[in-house]
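Pasting query09.txt here (compact mmCIF, C-alpha atoms):
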# COMPACT_ATOMS: atom_id res chain seq x y z
CA MET A 5 0.00 0.00 0.00
CA LYS A 6 1.22 3.48 -0.88
CA ALA A 7 -0.01 6.71 0.67
CA ALA A 8 0.72 10.06 -0.99
CA ILE A 9 0.81 13.38 0.89
CA PRO A 10 0.88 16.37 -1.50
CA LYS A 11 1.67 19.97 -0.68
CA GLU A 12 -1.56 21.90 -0.11
CA THR A 13 -2.44 24.28 -2.95
CA ALA A 14 -5.35 26.21 -1.43
CA GLU A 15 -4.52 29.85 -0.77
CA GLY A 16 -3.45 30.46 2.81
CA GLU A 17 -3.46 26.78 3.78
CA THR A 18 -0.53 26.08 6.12
CA ARG A 19 -1.44 22.61 7.39
CA VAL A 20 -0.32 19.23 6.12
CA ALA A 21 -2.17 15.91 6.18
CA ALA A 22 0.68 13.86 7.66
CA VAL A 23 3.48 14.78 10.04
CA PRO A 24 6.63 12.75 10.76
CA ASP A 25 5.00 11.17 13.80
CA THR A 26 2.05 9.82 11.79
CA VAL A 27 4.31 8.82 8.89
CA ALA A 28 6.05 6.45 11.31
CA LYS A 29 2.69 5.06 12.47
CA LEU A 30 1.49 4.49 8.91
CA ARG A 31 4.72 2.72 8.02
CA ALA A 32 4.38 0.53 11.10
CA GLY A 33 0.95 -0.40 9.77
CA GLY A 34 2.45 -1.60 6.50
CA ILE A 35 1.91 1.52 4.41
CA GLU A 36 4.62 3.08 2.25
CA VAL A 37 4.49 6.87 2.56
CA TRP A 38 5.51 9.41 -0.09
CA VAL A 39 5.56 13.13 0.67
CA GLN A 40 5.85 16.01 -1.77
CA ALA A 41 8.84 18.23 -1.00
CA GLY A 42 7.82 21.26 1.05
CA ALA A 43 4.48 19.75 2.11
CA GLY A 44 5.18 20.37 5.78
CA GLN A 45 6.92 23.71 5.42
CA GLY A 46 3.93 25.82 6.50
CA ALA A 47 3.65 23.82 9.73
CA HIS A 48 7.44 23.76 10.24
CA PHE A 49 8.00 20.08 9.48
CA SER A 50 11.08 19.86 7.27
CA ASP A 51 11.64 17.38 4.46
CA GLU A 52 14.52 15.93 6.47
CA LEU A 53 12.18 15.12 9.36
CA TYR A 54 9.95 13.20 6.96
CA ARG A 55 12.94 11.27 5.63
CA GLN A 56 14.00 10.42 9.17
CA ALA A 57 10.50 9.07 9.81
CA GLY A 58 10.87 6.77 6.80
CA ALA A 59 8.97 8.69 4.12
CA THR A 60 10.13 9.06 0.53
CA VAL A 61 10.29 12.77 -0.33
CA THR A 62 9.86 13.70 -3.98
CA TYR A 63 9.63 16.96 -5.93
CA GLU A 64 7.71 15.38 -8.82
CA LEU A 65 3.92 15.20 -8.56
CA GLY A 66 3.92 12.35 -11.06
CA ASP A 67 6.21 10.27 -8.85
CA LEU A 68 4.17 11.17 -5.78
CA TYR A 69 0.92 9.89 -7.25
CA ALA A 70 2.31 6.98 -9.29
CA ASN A 71 0.63 3.80 -8.03
CA ALA A 72 -0.73 5.62 -4.97
CA ASP A 73 -3.53 3.75 -3.20
CA ILE A 74 -4.40 6.52 -0.73
CA VAL A 75 -4.06 10.30 -1.06
CA LEU A 76 -4.20 12.28 2.18
CA ARG A 77 -4.97 16.00 2.03
CA VAL A 78 -6.32 18.81 4.18
CA GLN A 79 -8.27 20.72 1.51
CA PRO A 80 -9.88 19.37 -1.68
CA PRO A 81 -7.56 19.04 -4.69
CA ALA A 82 -7.67 21.65 -7.43
CA GLU A 83 -9.50 20.59 -10.60
CA GLY A 84 -6.20 20.55 -12.49
CA GLU A 85 -4.80 17.99 -10.04
CA LEU A 86 -7.53 15.42 -10.55
CA GLY A 87 -5.95 14.02 -13.69
CA ALA A 88 -2.87 13.03 -11.70
CA LEU A 89 -4.80 10.93 -9.18
CA PRO A 90 -4.64 7.22 -10.04
CA PRO A 91 -8.03 5.69 -10.96
CA GLY A 92 -9.25 3.49 -8.14
CA SER A 93 -7.32 5.40 -5.48
CA VAL A 94 -8.87 6.76 -2.28
CA LEU A 95 -8.84 10.49 -1.55
CA ILE A 96 -9.24 11.44 2.12
CA CYS A 97 -9.64 15.11 3.11
CA MET A 98 -12.09 17.75 4.28
CA LEU A 99 -14.02 17.92 1.02
CA GLN A 100 -16.88 20.15 2.20
CA ALA A 101 -19.00 18.01 -0.07
CA HIS A 102 -22.07 20.26 0.06
CA LEU A 103 -20.04 23.16 -1.36
CA HIS A 104 -18.36 21.28 -4.21
CA PRO A 105 -20.92 19.28 -6.24
CA GLN A 106 -18.93 19.70 -9.46
CA LEU A 107 -15.79 18.36 -7.80
CA LEU A 108 -17.68 15.30 -6.59
CA GLU A 109 -18.89 14.61 -10.12
CA SER A 110 -15.32 14.95 -11.42
CA LEU A 111 -14.04 12.55 -8.76
CA ALA A 112 -16.72 10.01 -9.61
CA THR A 113 -15.94 10.30 -13.32
CA ALA A 114 -12.25 9.79 -12.59
CA ASP A 115 -13.06 6.65 -10.56
CA ILE A 116 -11.71 8.12 -7.34
CA THR A 117 -13.19 6.96 -4.05
CA ALA A 118 -13.54 10.11 -1.97
CA PHE A 119 -13.88 10.29 1.81
CA ALA A 120 -15.23 13.60 3.16
CA MET A 121 -13.94 13.80 6.71
CA GLU A 122 -16.37 16.53 7.75
CA ARG A 123 -19.18 13.94 7.41
CA LEU A 124 -17.74 11.65 10.08
CA PRO A 125 -20.53 10.51 12.43
CA ARG A 126 -20.34 11.53 16.08
CA ILE A 127 -20.11 8.08 17.63
CA SER A 128 -17.69 6.83 20.25
CA ARG A 129 -15.72 4.67 17.84
CA ALA A 130 -15.12 7.62 15.51
CA GLN A 131 -13.84 10.08 18.12
CA PRO A 132 -10.13 9.43 17.38
CA MET A 133 -10.86 10.34 13.73
CA ASP A 134 -12.97 13.46 14.38
CA VAL A 135 -11.27 16.21 12.38
CA LEU A 136 -14.04 18.73 13.03
CA SER A 137 -13.52 18.49 16.77
CA SER A 138 -9.73 18.60 16.64
CA GLN A 139 -9.68 21.63 14.36
CA ALA A 140 -12.57 23.37 16.14
CA SER A 141 -10.77 23.15 19.47
CA ILE A 142 -7.75 24.94 18.03
CA ALA A 143 -9.99 27.48 16.28
CA GLY A 144 -11.75 28.30 19.56
CA TYR A 145 -8.42 28.85 21.29
CA LYS A 146 -7.20 31.12 18.51
CA ALA A 147 -10.50 33.04 18.46
CA ALA A 148 -10.06 34.05 22.10
CA LEU A 149 -6.51 35.23 21.40
CA LEU A 150 -7.63 37.24 18.37
CA GLY A 151 -10.38 38.84 20.42
CA ALA A 152 -7.87 39.84 23.08
CA ASP A 153 -5.38 41.08 20.49
CA HIS A 154 -7.88 43.39 18.75
CA LEU A 155 -9.58 44.66 21.92
CA ASP A 156 -8.66 48.11 23.25
CA LYS A 157 -8.68 46.76 26.81
CA ILE A 158 -6.78 44.13 28.77
CA LEU A 159 -8.81 41.06 29.72
CA PRO A 160 -7.96 40.45 33.40
CA MET A 161 -8.83 42.66 36.31
CA GLN A 162 -5.74 44.61 37.35
CA MET A 163 -5.16 46.51 40.54
CA THR A 164 -2.65 49.32 40.07
CA ALA A 165 -1.47 52.42 41.89
CA ALA A 166 -3.62 54.36 39.43
CA GLY A 167 -6.71 52.41 40.42
CA THR A 168 -8.44 49.16 39.54
CA LEU A 169 -9.09 48.09 35.94
CA ALA A 170 -12.26 46.05 35.58
CA PRO A 171 -12.02 42.75 33.70
CA ALA A 172 -13.23 42.57 30.11
CA ARG A 173 -16.51 40.82 29.37
CA ALA A 174 -16.62 38.06 26.78
CA LEU A 175 -19.75 36.52 25.27
CA ILE A 176 -19.44 33.15 23.50
CA LEU A 177 -22.24 32.19 21.12
CA GLY A 178 -22.32 28.46 20.58
CA ALA A 179 -20.91 26.02 23.13
CA GLY A 180 -19.70 23.25 20.89
CA VAL A 181 -16.04 22.24 20.80
CA ALA A 182 -14.85 25.63 19.49
CA GLY A 183 -17.06 27.56 21.89
CA LEU A 184 -15.99 25.58 24.93
CA GLN A 185 -12.32 26.09 24.08
CA ALA A 186 -12.96 29.81 23.56
CA ILE A 187 -14.63 29.94 26.99
CA ALA A 188 -11.71 28.15 28.65
CA THR A 189 -9.12 30.35 26.95
CA ALA A 190 -10.94 33.62 27.68
CA ARG A 191 -11.31 32.58 31.31
CA ARG A 192 -7.60 31.77 31.57
CA LEU A 193 -6.87 35.23 30.17
CA GLY A 194 -8.96 36.74 32.96
CA ALA A 195 -12.19 37.76 31.25
CA VAL A 196 -15.66 37.49 32.75
CA VAL A 197 -17.37 35.05 30.39
CA GLU A 198 -20.98 34.39 29.45
CA ALA A 199 -22.11 31.80 26.92
CA PHE A 200 -25.23 30.96 24.98
CA ASP A 201 -26.26 27.85 23.09
CA VAL A 202 -29.60 26.62 21.79
CA ARG A 203 -28.81 23.18 23.24
CA SER A 204 -29.69 23.29 26.92
CA ALA A 205 -27.67 20.10 27.47
CA VAL A 206 -24.40 22.06 27.34
CA ARG A 207 -25.29 24.24 30.35
CA GLU A 208 -23.26 22.12 32.79
CA GLU A 209 -20.21 22.10 30.50
CA VAL A 210 -20.32 25.89 30.24
CA GLN A 211 -20.68 26.31 33.99
CA SER A 212 -17.89 23.81 34.70
CA LEU A 213 -15.51 26.13 32.84
CA GLY A 214 -16.47 29.05 35.06
CA ALA A 215 -18.75 30.84 32.61
CA LYS A 216 -22.35 31.95 33.09
CA PHE A 217 -24.88 30.20 30.87
CA ILE A 218 -27.40 32.64 29.39
CA ASN A 219 -30.90 31.27 29.76
CA VAL A 220 -32.80 32.21 26.61
CA GLU A 221 -36.21 30.59 26.57
CA VAL A 222 -36.44 29.20 23.08
CA GLU A 223 -37.12 25.66 21.99
CA ALA A 224 -34.10 23.41 22.49
CA ALA A 225 -32.47 22.70 19.15
CA GLU A 226 -30.19 19.72 19.49
CA GLY A 227 -29.88 17.68 16.30
CA ALA A 228 -28.33 14.37 15.34
CA GLY A 229 -24.89 13.63 16.73
CA GLY A 230 -25.04 16.43 19.30
CA TYR A 231 -24.83 19.22 16.70
CA ALA A 232 -27.25 22.12 16.72
CA ARG A 233 -30.09 21.83 14.24
CA GLU A 234 -31.53 24.65 12.14
CA GLN A 235 -34.21 26.73 13.86
CA SER A 236 -37.30 28.42 12.46
CA LYS A 237 -37.26 32.13 11.57
CA GLU A 238 -39.51 32.84 14.55
CA GLN A 239 -37.17 31.06 16.95
CA LEU A 240 -34.15 32.88 15.54
CA GLN A 241 -35.89 36.25 15.90
CA ARG A 242 -36.82 35.50 19.51
CA GLN A 243 -33.27 34.43 20.20
CA GLN A 244 -31.80 37.59 18.62
CA ASP A 245 -34.15 39.84 20.57
CA LEU A 246 -33.12 38.30 23.86
CA LEU A 247 -29.41 38.30 23.03
CA THR A 248 -29.29 41.97 22.03
CA GLU A 249 -28.73 43.16 25.59
CA ARG A 250 -25.94 40.65 26.25
CA VAL A 251 -24.12 41.47 22.99
CA ALA A 252 -24.25 45.18 23.80
CA ALA A 253 -22.72 44.53 27.23
CA ALA A 254 -19.81 42.46 25.87
CA ASP A 255 -16.34 43.70 25.02
CA ILE A 256 -15.64 40.58 22.96
CA VAL A 257 -18.22 38.41 21.20
CA ILE A 258 -16.99 35.09 19.81
CA SER A 259 -19.58 33.39 17.61
CA THR A 260 -19.10 29.72 16.78
CA ALA A 261 -22.59 28.54 15.82
CA SER A 262 -22.69 26.30 12.77
CA ILE A 263 -24.89 23.57 11.35
CA PRO A 264 -23.21 20.76 9.34
CA GLY A 265 -24.00 21.07 5.64
CA ARG A 266 -25.83 24.41 6.00
CA SER A 267 -25.06 28.11 5.98
CA ALA A 268 -24.26 29.51 9.42
CA PRO A 269 -27.27 31.05 11.22
CA THR A 270 -27.33 34.82 11.69
CA LEU A 271 -27.04 35.56 15.41
CA ILE A 272 -25.59 39.08 15.42
CA THR A 273 -27.56 41.64 13.42
CA THR A 274 -26.34 45.01 12.18
CA ASP A 275 -28.44 46.73 14.85
CA MET A 276 -26.75 44.60 17.51
CA VAL A 277 -23.32 45.61 16.22
CA THR A 278 -24.16 49.32 16.27
CA ALA A 279 -25.37 48.97 19.87
CA MET A 280 -21.98 47.65 21.02
CA ARG A 281 -19.41 49.85 22.74
CA LYS A 282 -16.98 51.49 20.33
CA GLY A 283 -13.74 49.50 20.36
CA SER A 284 -15.47 46.17 21.00
CA VAL A 285 -14.56 43.07 19.00
CA ILE A 286 -16.51 40.32 17.26
CA VAL A 287 -14.66 37.15 16.23
CA ASP A 288 -16.83 35.23 13.76
CA VAL A 289 -15.53 31.66 13.84
CA ALA A 290 -18.36 30.60 11.50
CA ALA A 291 -16.99 32.74 8.66
CA ASP A 292 -16.27 29.61 6.59
CA THR A 293 -20.00 29.06 6.08
CA GLY A 294 -21.10 32.67 5.75
CA GLY A 295 -20.69 33.84 9.33
CA ASN A 296 -22.96 34.45 12.32
CA CYS A 297 -22.71 38.25 12.03
CA GLU A 298 -24.55 40.20 9.34
CA CYS A 299 -21.61 42.61 9.07
CA SER A 300 -18.91 39.97 8.66
CA VAL A 301 -16.88 39.89 5.46
CA PRO A 302 -15.68 36.25 5.33
CA GLY A 303 -11.93 36.10 5.05
CA GLU A 304 -11.34 39.67 6.25
CA VAL A 305 -10.90 41.81 9.35
CA ILE A 306 -12.99 44.98 9.12
CA THR A 307 -14.16 47.82 11.33
CA PHE A 308 -17.89 48.53 11.27
CA ASP A 309 -19.16 51.52 13.28
CA ASP A 310 -15.95 51.36 15.39
CA VAL A 311 -16.45 47.66 16.17
CA VAL A 312 -13.69 45.34 14.93
CA ILE A 313 -15.10 42.26 13.18
CA VAL A 314 -12.65 39.40 12.68
CA ALA A 315 -13.98 36.94 10.09
CA ILE A 316 -10.82 35.06 9.17
CA LYS A 317 -11.68 31.72 7.60
CA ASP A 318 -10.52 28.42 9.06
CA LEU A 319 -8.79 29.75 12.17
CA ALA A 320 -7.07 26.43 12.86
CA ARG A 321 -4.66 27.08 9.99
CA LEU A 322 -3.27 30.00 11.99
CA VAL A 323 -1.89 27.42 14.45
CA PRO A 324 -0.48 25.09 11.78
CA HIS A 325 1.91 22.96 13.83
CA HIS A 326 -0.60 21.62 16.34
CA ALA A 327 -3.47 21.74 13.83
CA SER A 328 -1.47 19.50 11.48
CA LEU A 329 -0.46 17.23 14.33
CA THR A 330 -4.04 16.60 15.46
CA TYR A 331 -5.49 16.46 11.94
CA SER A 332 -2.89 13.97 10.77
CA ARG A 333 -3.55 11.79 13.79
CA ASN A 334 -7.25 11.78 12.91
CA LEU A 335 -6.47 10.64 9.37
CA SER A 336 -3.93 8.02 10.37
CA ASN A 337 -6.37 6.61 12.93
CA LEU A 338 -8.97 6.23 10.18
CA VAL A 339 -6.58 4.69 7.68
CA LEU A 340 -5.12 2.20 10.14
CA SER A 341 -8.59 1.20 11.36
CA LEU A 342 -9.46 0.19 7.79
CA MET A 343 -6.30 -1.82 7.19
CA HIS A 344 -6.89 -5.57 7.26
CA GLU A 345 -4.15 -8.06 6.40
CA GLY A 346 -2.14 -5.41 4.61
CA GLU A 347 -5.05 -4.14 2.50
CA PHE A 348 -7.16 -0.99 2.78
CA THR A 349 -10.74 -2.24 3.09
CA ILE A 350 -13.76 -0.18 2.02
CA ASP A 351 -16.75 -1.74 3.76
CA LEU A 352 -19.85 0.31 3.00
CA ASP A 353 -21.73 -1.60 5.70
CA ASP A 354 -19.45 0.10 8.23
CA GLU A 355 -21.37 3.18 9.46
CA VAL A 356 -18.21 5.32 9.52
CA VAL A 357 -17.25 4.44 5.94
CA ASP A 358 -20.84 4.73 4.75
CA ALA A 359 -21.11 8.25 6.20
CA ILE A 360 -17.86 9.67 4.78
CA CYS A 361 -17.68 7.89 1.42
CA VAL A 362 -19.16 10.35 -1.09
CA THR A 363 -17.94 8.76 -4.35
CA HIS A 364 -17.09 5.12 -5.04
CA LYS A 365 -16.59 3.01 -8.16
CA GLY A 366 -17.63 5.84 -10.45
CA GLU A 367 -20.83 6.66 -8.60
CA LEU A 368 -21.95 9.58 -6.46
CA ARG A 369 -23.06 8.53 -3.00
CA TYR A 370 -23.89 12.04 -1.78
CA GLY A 371 -26.18 14.50 -3.49
CA GLY A 372 -25.31 17.74 -1.66

Once more with this new file: its structure as structure tokens, please.
Amino acid sequence: MKAAIPKETAEGETRVAAVPDTVAKLRAGGIEVWVQAGAGQGAHFSDELYRQAGATVTYELGDLYANADIVLRVQPPAEGELGALPPGSVLICMLQAHLHPQLLESLATADITAFAMERLPRISRAQPMDVLSSQASIAGYKAALLGADHLDKILPMQMTAAGTLAPARALILGAGVAGLQAIATARRLGAVVEAFDVRSAVREEVQSLGAKFINVEVEAAEGAGGYAREQSKEQLQRQQDLLTERVAAADIVISTASIPGRSAPTLITTDMVTAMRKGSVIVDVAADTGGNCECSVPGEVITFDDVVIVAIKDLARLVPHHASLTYSRNLSNLVLSLMHEGEFTIDLDDEVVDAICVTHKGELRYGG
């Protein structure tokens, strides 16, 4: 078995799908690993480290993909790269299948079996492979740091000879993996933290981290796998009305609410932004899927009515070393779990494989 790890081509992508540590694990599992030269540069893993781990490092894309059985990536391949993938090979990455229907058709036509890691089911057996959780945790940490960096205040209370400085107030919208990490990080930095989530089941987790859970009386909205489900327009309006006061009182708002396969819900309206104190900060972690703030410009940092709005996409890539380390472990755990007697087995009766396999044997298994 041969696994190929190409250099990521997406603009701004700094992560890599395998690090020297996971190369060694894959090789121990009977898999030959080839890495494109410079693939780990953005995450500060040198070619020499890959060689020391037992990988073959090549500059030629043709050599990298020749006879490859498995291709491991972070982002989807560019259309121009598809012709280099060997027919019958398995592509494993964060495909964002619902955003790339044309790419899925091209993969099916090219006889590439594609695994979309963002579709991994939230079951106990799949936790070691959960790329969304591993990357969301890092994104939540980085969001808190970005909020602190852009704020015109310090976060902790400080007693000085010139008087006492009150602690900053942080509001976290969405208490999933990213939100909980944002809460924990903001608390460690000294902020007073409040959090809101439509899933009442997360109340104890929020409180265990030292944050106050905002009790907004709307219908609980927990969907399959523990993710939030989409709410009605009436529920969203009720929610926004009740959150307006809390947003206005916050120095930093970190919004992390997302729904798998859907556009991010709007939680912060333009009116809510204009009601915030001048110099406040919004960090929109959901920028990848449109953002939770009406004023966000996905991919950019802007100032709207003297409020800084940080809508950088895919925050985990700003912490590339650890993001690559955790992501690559997720992928290697998946690959090794599907290795049987030296062969990579695709069993569509396996609920994990069935969920993530979006193209197989020339057919589309996911419609968008």

Review point. So which residues are close to (-11.2, 39.5, 12.3), meaning at most 10 Å away in the file's coordinates with all atoms listed in the file counted, and can you show them as a VMD selection string?
Key: chain A and resid 147 150 to 151 154 285 to 289 291 300 to 307 312 to 317

Point to revise | Residues near region 160-166 of chain A, cut-off 10 Å, all atoms listed in the file, skip fewer than 3 positions along chain, as a ChimeraX atom specification | key: /A:157,169-173,190-196

Check your understanding: How many Å lie between CA of Leu175 (chain A) and CA of Thr189 (chain A), rounded to one decimal?
Key ->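 CA of Thr189 (chain A) lies at a distance of 12.4 Å from CA of Leu175 (chain A).
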
**Study point:** Exercise: region 178-182 of chain A partners within 9 Å, all atoms listed in the file, chain neighbours under 5 positions left out, as a VMD selection string
**Key:** chain A and resid 136 to 145 147 187 199 to 203 206 to 207 209 to 210 230 to 232 258 to 262 289

**Study point:** From A:Asp318, A:Asp67, A:Asp351, A:Asp309, residue lying nearest Thr274 (chain A) [only C-alpha atoms]
**Key:**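 When distances to Thr274 (chain A) are compared using only C-alpha atoms, the smallest one comes from A:Asp309.
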
Point to revise | Proximity to Tyr54 (chain A) - best of A:Glu367, A:Asp25, A:Asp245, A:Asp73, only C-alpha atoms | key: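 For Tyr54 (chain A), the nearest of the candidates is A:Asp25.
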
Check your understanding: Which of these, A:Val78, A:Val39, A:Val357, A:Val257, has the shortest distance to Ala152 (chain A) once you count all atoms listed in the file?
Key ->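 Counting all atoms listed in the file, the residue closest to Ala152 (chain A) is A:Val257.
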